[in-house]
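Asker: First, the structure itself, so that you have it in front of you.
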Amino acid sequence: NGNVGIIGAMKEEIELLRQAMQLDRVIEHAGITFLQGKLHDRDVIVCQSGVGKVNAAVCTQLLIDRFHVQAILFTGVAGALDPSMDIGDIVISRDCMQHDMDASPLGFAKGEIPYAPRSVFAADARLIEIAEQVGQARFPGRMRVGRVLSGDQFIADRAVVEKLHRDMGGSCTEMEGAAVAQVCDMNDIPFLIIRSMSDKADGSADVNFAEFTVEASRRSFNMIDGIVQAL
Ligand code: ADE
């Protein structure tokens with residue numbers, strides 16, 4: 001019954017959590033603001049990591065070391081890679097991988113972290129199960145469990161989308177999930193990434209992202225709210 005850390009990268013992605021939670025304390029570390037309080041009677045630390053894998057990794061390690069979280073949830077938007085998905089649809093992370101990790105000249109597979117114990121990071125089975133139940137109730141037919149591919153790149157190219165989907169098995173792409181996943185794996189902390197699609201990572205991605213980020217963030221918040229309630 002310990003602390004749960006909840007991370008979003010951008011302001012839009014944590015705004016509704018900030019409004020929904022009962023705020024007890026505000027703490028700053030490494031330029032990141034941590035909001036300590038309660039959501040549905042559960043102790044939570046909500047924070048805005050900033051965009052990209054480094055920000056997400058630092059934020060995750062701080063949640064573990066300084067706030068002793070027992071689990072980490074990530075909420076936000078992503079670009080859809082699976083052609084059967086629409087804007088607004090929800091991805092629950094089965095696992096995460098860094099699509100921009102590439103030491104292939106040394107003979108490593110694309111996405112493989114050289115000399116690391118693993119490169120695909122599995123989300124917590126119980127959290128996945130809870131999220132599926134929440135998703136089935138709140139977003140029936142518009143939710144799936146799949147692979148989250150992360151990289152320090154905003155993808156806006158059909159050809160890249162096809163490669164990431166076909167070669168790496170991604171359901172969606174974003175810029176933080178796999179960093180959170182790797183740090184959680186290194187610390188043996190359970191995690192789950194929830195993403196709602198703001199765009200399809202294609203030629204319209206920039207325009208769609210601008211138009212749909214607030215609505216997709218609301219949908220992802222809705223999932224997180226249900227998950228925290230069910231914990
Ligand atoms: N987050 C939302 N859409 C994205 C995209 N197309 N690429 C990377 N991160 C995203």
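Residue numbering restarts at 1 in every chain; chains get A, B, ... in the order shown in the structure tokens, and ligands count up from 1 in that same order.
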Going by DSSP on the backbone, which residues of chain A come out as strand (DSSP E)? List them as a ChimeraX atom specification.
Answerer: /A:4-8,22-29,32-39,42-48,71-80,90-98,121-122,143-150,170-174,191-199
Asker: Per residue of chain A within 7 Å of ligand 1, which atom pair is closest and at what distance in Å (one decimal), using only C-alpha atoms and all ligand atoms, listed by chain and increasing number, as JSON lines?
Answerer:
```
{"residue": "A:Val77", "atom": "CA", "partner": "ligand 1", "partner_atom_place_in_ligand_line": "2 (C)", "distance": 5.1}
{"residue": "A:Ala78", "atom": "CA", "partner": "ligand 1", "partner_atom_place_in_ligand_line": "2 (C)", "distance": 3.5}
{"residue": "A:Gly79", "atom": "CA", "partner": "ligand 1", "partner_atom_place_in_ligand_line": "3 (N)", "distance": 3.8}
{"residue": "A:Gln153", "atom": "CA", "partner": "ligand 1", "partner_atom_place_in_ligand_line": "8 (C)", "distance": 5.7}
{"residue": "A:Phe154", "atom": "CA", "partner": "ligand 1", "partner_atom_place_in_ligand_line": "7 (N)", "distance": 3.6}
{"residue": "A:Ile155", "atom": "CA", "partner": "ligand 1", "partner_atom_place_in_ligand_line": "7 (N)", "distance": 3.9}
{"residue": "A:Ala156", "atom": "CA", "partner": "ligand 1", "partner_atom_place_in_ligand_line": "6 (N)", "distance": 5.5}
{"residue": "A:Thr173", "atom": "CA", "partner": "ligand 1", "partner_atom_place_in_ligand_line": "8 (C)", "distance": 5.4}
{"residue": "A:Glu174", "atom": "CA", "partner": "ligand 1", "partner_atom_place_in_ligand_line": "9 (N)", "distance": 3.4}
{"residue": "A:Met175", "atom": "CA", "partner": "ligand 1", "partner_atom_place_in_ligand_line": "9 (N)", "distance": 5.1}
{"residue": "A:Met197", "atom": "CA", "partner": "ligand 1", "partner_atom_place_in_ligand_line": "2 (C)", "distance": 6.9}
{"residue": "A:Ser198", "atom": "CA", "partner": "ligand 1", "partner_atom_place_in_ligand_line": "2 (C)", "distance": 5.7}
{"residue": "A:Asp199", "atom": "CA", "partner": "ligand 1", "partner_atom_place_in_ligand_line": "3 (N)", "distance": 5.6}
{"residue": "A:Lys200", "atom": "CA", "partner": "ligand 1", "partner_atom_place_in_ligand_line": "6 (N)", "distance": 6.3}
{"residue": "A:Ala201", "atom": "CA", "partner": "ligand 1", "partner_atom_place_in_ligand_line": "6 (N)", "distance": 3.7}
{"residue": "A:Ala205", "atom": "CA", "partner": "ligand 1", "partner_atom_place_in_ligand_line": "6 (N)", "distance": 5.6}
{"residue": "A:Phe209", "atom": "CA", "partner": "ligand 1", "partner_atom_place_in_ligand_line": "3 (N)", "distance": 6.1}
```
Asker: Keeping only N, CA and C atoms, take the residues you just selected and write them out as a PDB file, in the first residue's frame.
Answerer:
```pdb
ATOM      1  N   VAL A  77       0.599  10.699 -24.427  1.00  0.00           N
ATOM      2  CA  VAL A  77       0.164  10.506 -25.806  1.00  0.00           C
ATOM      3  C   VAL A  77       1.282   9.853 -26.614  1.00  0.00           C
ATOM      4  N   ALA A  78       0.927   9.293 -27.756  1.00  0.00           N
ATOM      5  CA  ALA A  78       1.911   8.622 -28.611  1.00  0.00           C
ATOM      6  C   ALA A  78       1.442   8.655 -30.051  1.00  0.00           C
ATOM      7  N   GLY A  79       2.358   8.321 -30.946  1.00  0.00           N
ATOM      8  CA  GLY A  79       2.014   8.145 -32.350  1.00  0.00           C
ATOM      9  C   GLY A  79       1.706   6.678 -32.600  1.00  0.00           C
ATOM     10  N   GLN A 153      13.137  10.903 -30.772  1.00  0.00           N
ATOM     11  CA  GLN A 153      12.746  11.383 -32.102  1.00  0.00           C
ATOM     12  C   GLN A 153      11.236  11.500 -32.163  1.00  0.00           C
ATOM     13  N   PHE A 154      10.744  12.614 -32.676  1.00  0.00           N
ATOM     14  CA  PHE A 154       9.317  12.714 -33.002  1.00  0.00           C
ATOM     15  C   PHE A 154       9.163  12.142 -34.410  1.00  0.00           C
ATOM     16  N   ILE A 155       8.454  11.039 -34.512  1.00  0.00           N
ATOM     17  CA  ILE A 155       8.321  10.337 -35.802  1.00  0.00           C
ATOM     18  C   ILE A 155       7.176  10.944 -36.606  1.00  0.00           C
ATOM     19  N   ALA A 156       7.464  11.302 -37.842  1.00  0.00           N
ATOM     20  CA  ALA A 156       6.457  11.891 -38.734  1.00  0.00           C
ATOM     21  C   ALA A 156       6.738  11.439 -40.165  1.00  0.00           C
ATOM     22  N   THR A 173       4.610   4.692 -30.807  1.00  0.00           N
ATOM     23  CA  THR A 173       5.934   5.255 -30.541  1.00  0.00           C
ATOM     24  C   THR A 173       5.818   6.567 -29.774  1.00  0.00           C
ATOM     25  N   GLU A 174       6.747   6.741 -28.846  1.00  0.00           N
ATOM     26  CA  GLU A 174       6.795   7.960 -28.038  1.00  0.00           C
ATOM     27  C   GLU A 174       8.237   8.180 -27.605  1.00  0.00           C
ATOM     28  N   MET A 175       8.477   8.974 -26.564  1.00  0.00           N
ATOM     29  CA  MET A 175       9.853   9.389 -26.316  1.00  0.00           C
ATOM     30  C   MET A 175      10.338   9.147 -24.880  1.00  0.00           C
ATOM     31  N   MET A 197      -3.398   7.637 -28.455  1.00  0.00           N
ATOM     32  CA  MET A 197      -2.808   8.092 -29.716  1.00  0.00           C
ATOM     33  C   MET A 197      -3.228   9.531 -30.060  1.00  0.00           C
ATOM     34  N   SER A 198      -2.226  10.399 -30.211  1.00  0.00           N
ATOM     35  CA  SER A 198      -2.487  11.779 -30.631  1.00  0.00           C
ATOM     36  C   SER A 198      -2.332  11.927 -32.140  1.00  0.00           C
ATOM     37  N   ASP A 199      -1.694  10.945 -32.768  1.00  0.00           N
ATOM     38  CA  ASP A 199      -1.381  11.032 -34.203  1.00  0.00           C
ATOM     39  C   ASP A 199      -0.969   9.653 -34.694  1.00  0.00           C
ATOM     40  N   LYS A 200      -0.679   9.568 -35.996  1.00  0.00           N
ATOM     41  CA  LYS A 200      -0.264   8.293 -36.585  1.00  0.00           C
ATOM     42  C   LYS A 200       1.192   8.312 -37.031  1.00  0.00           C
ATOM     43  N   ALA A 201       1.965   9.231 -36.487  1.00  0.00           N
ATOM     44  CA  ALA A 201       3.416   9.307 -36.742  1.00  0.00           C
ATOM     45  C   ALA A 201       3.756   9.443 -38.226  1.00  0.00           C
ATOM     46  N   ALA A 205       1.457  14.097 -38.652  1.00  0.00           N
ATOM     47  CA  ALA A 205       1.659  13.908 -37.205  1.00  0.00           C
ATOM     48  C   ALA A 205       1.769  15.234 -36.451  1.00  0.00           C
ATOM     49  N   PHE A 209      -0.919  16.030 -33.742  1.00  0.00           N
ATOM     50  CA  PHE A 209      -0.384  16.150 -32.386  1.00  0.00           C
ATOM     51  C   PHE A 209      -0.885  17.440 -31.732  1.00  0.00           C
TER      52      PHE A 209
END
```
Asker: Can you write out as JSON lines which residues of range 10-39 of chain A fall within 10 Å of range 55-66 of chain A, alongside each residue's closest atom pair and its distance in Å to one decimal, counting only C-alpha atoms and ordering rows by chain and ascending residue number?
Answerer:
```
{"residue": "A:His29", "atom": "CA", "partner": "A:Leu62", "partner_atom": "CA", "distance": 7.8}
{"residue": "A:Ala30", "atom": "CA", "partner": "A:Val58", "partner_atom": "CA", "distance": 8.2}
{"residue": "A:Gly31", "atom": "CA", "partner": "A:Cys59", "partner_atom": "CA", "distance": 9.7}
{"residue": "A:Ile32", "atom": "CA", "partner": "A:Cys59", "partner_atom": "CA", "distance": 7.3}
{"residue": "A:Thr33", "atom": "CA", "partner": "A:Cys59", "partner_atom": "CA", "distance": 9.6}
{"residue": "A:Phe34", "atom": "CA", "partner": "A:Leu63", "partner_atom": "CA", "distance": 8.6}
```
Asker: I need the chosen residues saved as a PDB file, in the first residue's frame, with C-alpha atoms.
Answerer:
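Writing done, so here's again.pdb:
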```
ATOM      1  CA  HIS A  29      14.773  17.799  -7.482  1.00  0.00           C
ATOM      2  CA  ALA A  30      16.959  18.214 -10.564  1.00  0.00           C
ATOM      3  CA  GLY A  31      14.586  20.819 -11.921  1.00  0.00           C
ATOM      4  CA  ILE A  32      11.646  18.417 -11.770  1.00  0.00           C
ATOM      5  CA  THR A  33       8.593  19.290  -9.654  1.00  0.00           C
ATOM      6  CA  PHE A  34       7.150  16.378  -7.676  1.00  0.00           C
TER       7      PHE A  34
END
```
Asker: Name the residues in contact with range 89-99 of chain A at a cut-off of 8 Å, using only C-alpha atoms, excluding same-chain residues fewer than 2 positions from it; report them as a PyMOL selection string.
Answerer: chain A and resi 85-87+101-102+110-111+119-123+128+131-132+135+139+142-151+164+168+171-172+177-179+181+192-197+219-220
Asker: Write out the residues from the selection above, keeping C-alpha atoms, as a PDB file, in the first residue's frame.
Answerer:
```pdb
ATOM      1  CA  MET A  85      -5.309   1.933 -34.654  1.00  0.00           C
ATOM      2  CA  ASP A  86      -7.016   5.317 -34.726  1.00  0.00           C
ATOM      3  CA  ILE A  87      -6.305   8.607 -32.998  1.00  0.00           C
ATOM      4  CA  MET A 101      19.379   2.144 -29.800  1.00  0.00           C
ATOM      5  CA  ASP A 102      21.514   0.971 -32.715  1.00  0.00           C
ATOM      6  CA  LYS A 110      18.585  -2.834 -33.870  1.00  0.00           C
ATOM      7  CA  GLY A 111      17.109  -1.896 -30.482  1.00  0.00           C
ATOM      8  CA  SER A 119      16.640  -4.857 -24.195  1.00  0.00           C
ATOM      9  CA  VAL A 120      12.908  -5.570 -24.061  1.00  0.00           C
ATOM     10  CA  PHE A 121      11.377  -4.564 -20.747  1.00  0.00           C
ATOM     11  CA  ALA A 122       8.162  -6.289 -19.697  1.00  0.00           C
ATOM     12  CA  ALA A 123       5.535  -4.303 -17.842  1.00  0.00           C
ATOM     13  CA  ILE A 128      -1.498  -4.935 -17.244  1.00  0.00           C
ATOM     14  CA  ALA A 131      -5.436  -1.769 -16.986  1.00  0.00           C
ATOM     15  CA  GLU A 132      -7.128  -4.195 -19.376  1.00  0.00           C
ATOM     16  CA  GLY A 135      -9.803  -0.231 -20.652  1.00  0.00           C
ATOM     17  CA  PHE A 139     -12.699   2.329 -23.976  1.00  0.00           C
ATOM     18  CA  ARG A 142     -10.339   1.004 -28.647  1.00  0.00           C
ATOM     19  CA  MET A 143      -7.661  -0.377 -26.377  1.00  0.00           C
ATOM     20  CA  ARG A 144      -4.941  -2.964 -26.794  1.00  0.00           C
ATOM     21  CA  VAL A 145      -1.943  -4.404 -24.999  1.00  0.00           C
ATOM     22  CA  GLY A 146       1.153  -3.942 -27.126  1.00  0.00           C
ATOM     23  CA  ARG A 147       4.746  -2.887 -27.521  1.00  0.00           C
ATOM     24  CA  VAL A 148       5.744   0.713 -26.799  1.00  0.00           C
ATOM     25  CA  LEU A 149       8.768   1.856 -28.817  1.00  0.00           C
ATOM     26  CA  SER A 150      10.661   4.852 -27.465  1.00  0.00           C
ATOM     27  CA  GLY A 151      13.321   7.084 -28.960  1.00  0.00           C
ATOM     28  CA  LEU A 164       9.026   0.271 -36.572  1.00  0.00           C
ATOM     29  CA  MET A 168      10.332  -4.041 -34.075  1.00  0.00           C
ATOM     30  CA  SER A 171       2.052  -0.693 -31.466  1.00  0.00           C
ATOM     31  CA  CYS A 172       2.945   2.944 -30.794  1.00  0.00           C
ATOM     32  CA  GLY A 177       8.363   4.806 -21.961  1.00  0.00           C
ATOM     33  CA  ALA A 178      11.347   2.533 -22.562  1.00  0.00           C
ATOM     34  CA  ALA A 179      13.594   4.768 -20.441  1.00  0.00           C
ATOM     35  CA  ALA A 181      10.956   0.767 -18.200  1.00  0.00           C
ATOM     36  CA  LEU A 192       3.110   0.280 -16.698  1.00  0.00           C
ATOM     37  CA  ILE A 193       2.934   2.717 -19.609  1.00  0.00           C
ATOM     38  CA  ILE A 194      -0.456   4.017 -20.787  1.00  0.00           C
ATOM     39  CA  ARG A 195      -0.607   5.961 -24.047  1.00  0.00           C
ATOM     40  CA  SER A 196      -3.480   7.395 -26.043  1.00  0.00           C
ATOM     41  CA  MET A 197      -2.808   8.092 -29.716  1.00  0.00           C
ATOM     42  CA  ARG A 219      -8.186   9.591 -22.288  1.00  0.00           C
ATOM     43  CA  SER A 220      -4.864   8.437 -20.840  1.00  0.00           C
TER      44      SER A 220
END
```
Asker: Based on the backbone DSSP call, show me all residues of range 13-228 of chain A assigned alpha helix (DSSP H), as a PyMOL selection string.
Answerer: chain A and resi 13-20+53-67+125-138+158-168+177-187+205-228
Asker: Could you please take those selected residues and save C-alpha atoms as a PDB file, in the first residue's frame?
Answerer:
```pdb
ATOM      1  CA  GLU A  13      -0.250  14.979 -19.796  1.00  0.00           C
ATOM      2  CA  ILE A  14      -0.318  15.599 -16.031  1.00  0.00           C
ATOM      3  CA  GLU A  15      -2.738  18.532 -15.858  1.00  0.00           C
ATOM      4  CA  LEU A  16      -5.849  16.464 -15.069  1.00  0.00           C
ATOM      5  CA  LEU A  17      -3.984  14.429 -12.450  1.00  0.00           C
ATOM      6  CA  ARG A  18      -2.899  17.642 -10.795  1.00  0.00           C
ATOM      7  CA  GLN A  19      -6.519  18.780 -10.703  1.00  0.00           C
ATOM      8  CA  ALA A  20      -7.855  15.417  -9.487  1.00  0.00           C
ATOM      9  CA  LYS A  53      14.602   9.411 -22.470  1.00  0.00           C
ATOM     10  CA  VAL A  54      17.155  11.229 -20.293  1.00  0.00           C
ATOM     11  CA  ASN A  55      14.494  13.307 -18.541  1.00  0.00           C
ATOM     12  CA  ALA A  56      12.333  10.222 -18.069  1.00  0.00           C
ATOM     13  CA  ALA A  57      15.241   8.171 -16.692  1.00  0.00           C
ATOM     14  CA  VAL A  58      16.295  10.822 -14.157  1.00  0.00           C
ATOM     15  CA  CYS A  59      12.701  11.332 -13.054  1.00  0.00           C
ATOM     16  CA  THR A  60      12.171   7.590 -12.604  1.00  0.00           C
ATOM     17  CA  GLN A  61      15.332   7.119 -10.532  1.00  0.00           C
ATOM     18  CA  LEU A  62      14.384  10.093  -8.332  1.00  0.00           C
ATOM     19  CA  LEU A  63      10.918   8.610  -7.735  1.00  0.00           C
ATOM     20  CA  ILE A  64      12.564   5.359  -6.658  1.00  0.00           C
ATOM     21  CA  ASP A  65      15.375   6.813  -4.525  1.00  0.00           C
ATOM     22  CA  ARG A  66      13.771   9.852  -2.938  1.00  0.00           C
ATOM     23  CA  PHE A  67      10.103   8.882  -2.793  1.00  0.00           C
ATOM     24  CA  ALA A 125       1.583  -8.493 -15.268  1.00  0.00           C
ATOM     25  CA  ARG A 126      -0.823  -7.437 -12.521  1.00  0.00           C
ATOM     26  CA  LEU A 127      -0.833  -3.807 -13.656  1.00  0.00           C
ATOM     27  CA  ILE A 128      -1.498  -4.935 -17.244  1.00  0.00           C
ATOM     28  CA  GLU A 129      -4.429  -7.028 -16.041  1.00  0.00           C
ATOM     29  CA  ILE A 130      -5.937  -4.155 -14.054  1.00  0.00           C
ATOM     30  CA  ALA A 131      -5.436  -1.769 -16.986  1.00  0.00           C
ATOM     31  CA  GLU A 132      -7.128  -4.195 -19.376  1.00  0.00           C
ATOM     32  CA  GLN A 133     -10.177  -4.318 -17.124  1.00  0.00           C
ATOM     33  CA  VAL A 134     -10.316  -0.529 -16.891  1.00  0.00           C
ATOM     34  CA  GLY A 135      -9.803  -0.231 -20.652  1.00  0.00           C
ATOM     35  CA  GLN A 136     -12.513  -2.763 -21.472  1.00  0.00           C
ATOM     36  CA  ALA A 137     -14.971  -0.820 -19.324  1.00  0.00           C
ATOM     37  CA  ARG A 138     -14.040   2.710 -20.429  1.00  0.00           C
ATOM     38  CA  ARG A 158       5.116   6.690 -43.077  1.00  0.00           C
ATOM     39  CA  ALA A 159       8.170   4.678 -44.109  1.00  0.00           C
ATOM     40  CA  VAL A 160       9.615   4.844 -40.580  1.00  0.00           C
ATOM     41  CA  VAL A 161       6.224   3.858 -39.136  1.00  0.00           C
ATOM     42  CA  GLU A 162       6.131   0.733 -41.318  1.00  0.00           C
ATOM     43  CA  LYS A 163       9.675  -0.227 -40.291  1.00  0.00           C
ATOM     44  CA  LEU A 164       9.026   0.271 -36.572  1.00  0.00           C
ATOM     45  CA  HIS A 165       5.806  -1.744 -36.793  1.00  0.00           C
ATOM     46  CA  ARG A 166       7.154  -4.547 -39.010  1.00  0.00           C
ATOM     47  CA  ASP A 167      10.731  -4.940 -37.742  1.00  0.00           C
ATOM     48  CA  MET A 168      10.332  -4.041 -34.075  1.00  0.00           C
ATOM     49  CA  GLY A 177       8.363   4.806 -21.961  1.00  0.00           C
ATOM     50  CA  ALA A 178      11.347   2.533 -22.562  1.00  0.00           C
ATOM     51  CA  ALA A 179      13.594   4.768 -20.441  1.00  0.00           C
ATOM     52  CA  VAL A 180      11.165   4.501 -17.517  1.00  0.00           C
ATOM     53  CA  ALA A 181      10.956   0.767 -18.200  1.00  0.00           C
ATOM     54  CA  GLN A 182      14.720   0.252 -18.203  1.00  0.00           C
ATOM     55  CA  VAL A 183      15.271   2.198 -14.978  1.00  0.00           C
ATOM     56  CA  CYS A 184      12.427   0.274 -13.312  1.00  0.00           C
ATOM     57  CA  ASP A 185      13.975  -2.978 -14.516  1.00  0.00           C
ATOM     58  CA  MET A 186      17.389  -1.973 -13.118  1.00  0.00           C
ATOM     59  CA  ASN A 187      15.730  -1.267  -9.741  1.00  0.00           C
ATOM     60  CA  ALA A 205       1.659  13.908 -37.205  1.00  0.00           C
ATOM     61  CA  ASP A 206       2.665  17.467 -36.324  1.00  0.00           C
ATOM     62  CA  VAL A 207      -0.796  18.863 -37.112  1.00  0.00           C
ATOM     63  CA  ASN A 208      -2.631  15.956 -35.444  1.00  0.00           C
ATOM     64  CA  PHE A 209      -0.384  16.150 -32.386  1.00  0.00           C
ATOM     65  CA  ALA A 210      -1.252  19.836 -31.953  1.00  0.00           C
ATOM     66  CA  GLU A 211      -4.960  19.147 -32.399  1.00  0.00           C
ATOM     67  CA  PHE A 212      -5.389  15.920 -30.398  1.00  0.00           C
ATOM     68  CA  THR A 213      -2.850  16.031 -27.545  1.00  0.00           C
ATOM     69  CA  VAL A 214      -5.301  17.488 -25.018  1.00  0.00           C
ATOM     70  CA  GLU A 215      -8.040  14.937 -25.833  1.00  0.00           C
ATOM     71  CA  ALA A 216      -5.612  12.004 -25.940  1.00  0.00           C
ATOM     72  CA  SER A 217      -4.117  13.140 -22.608  1.00  0.00           C
ATOM     73  CA  ARG A 218      -7.630  13.166 -21.140  1.00  0.00           C
ATOM     74  CA  ARG A 219      -8.186   9.591 -22.288  1.00  0.00           C
ATOM     75  CA  SER A 220      -4.864   8.437 -20.840  1.00  0.00           C
ATOM     76  CA  PHE A 221      -5.692  10.197 -17.543  1.00  0.00           C
ATOM     77  CA  ASN A 222      -9.026   8.399 -17.521  1.00  0.00           C
ATOM     78  CA  MET A 223      -7.180   5.072 -17.714  1.00  0.00           C
ATOM     79  CA  ILE A 224      -4.714   6.031 -14.957  1.00  0.00           C
ATOM     80  CA  ASP A 225      -7.542   7.247 -12.731  1.00  0.00           C
ATOM     81  CA  GLY A 226      -9.313   3.900 -13.102  1.00  0.00           C
ATOM     82  CA  ILE A 227      -6.115   1.927 -12.518  1.00  0.00           C
ATOM     83  CA  VAL A 228      -5.209   3.825  -9.321  1.00  0.00           C
TER      84      VAL A 228
END
```
Asker: Mind giving me the straight-line distance from CA of Gly107 in chain A to CA of Asp157 in chain A in Å, one decimal?
Answerer: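 Here the two named atoms are 26.4 Å from each other.
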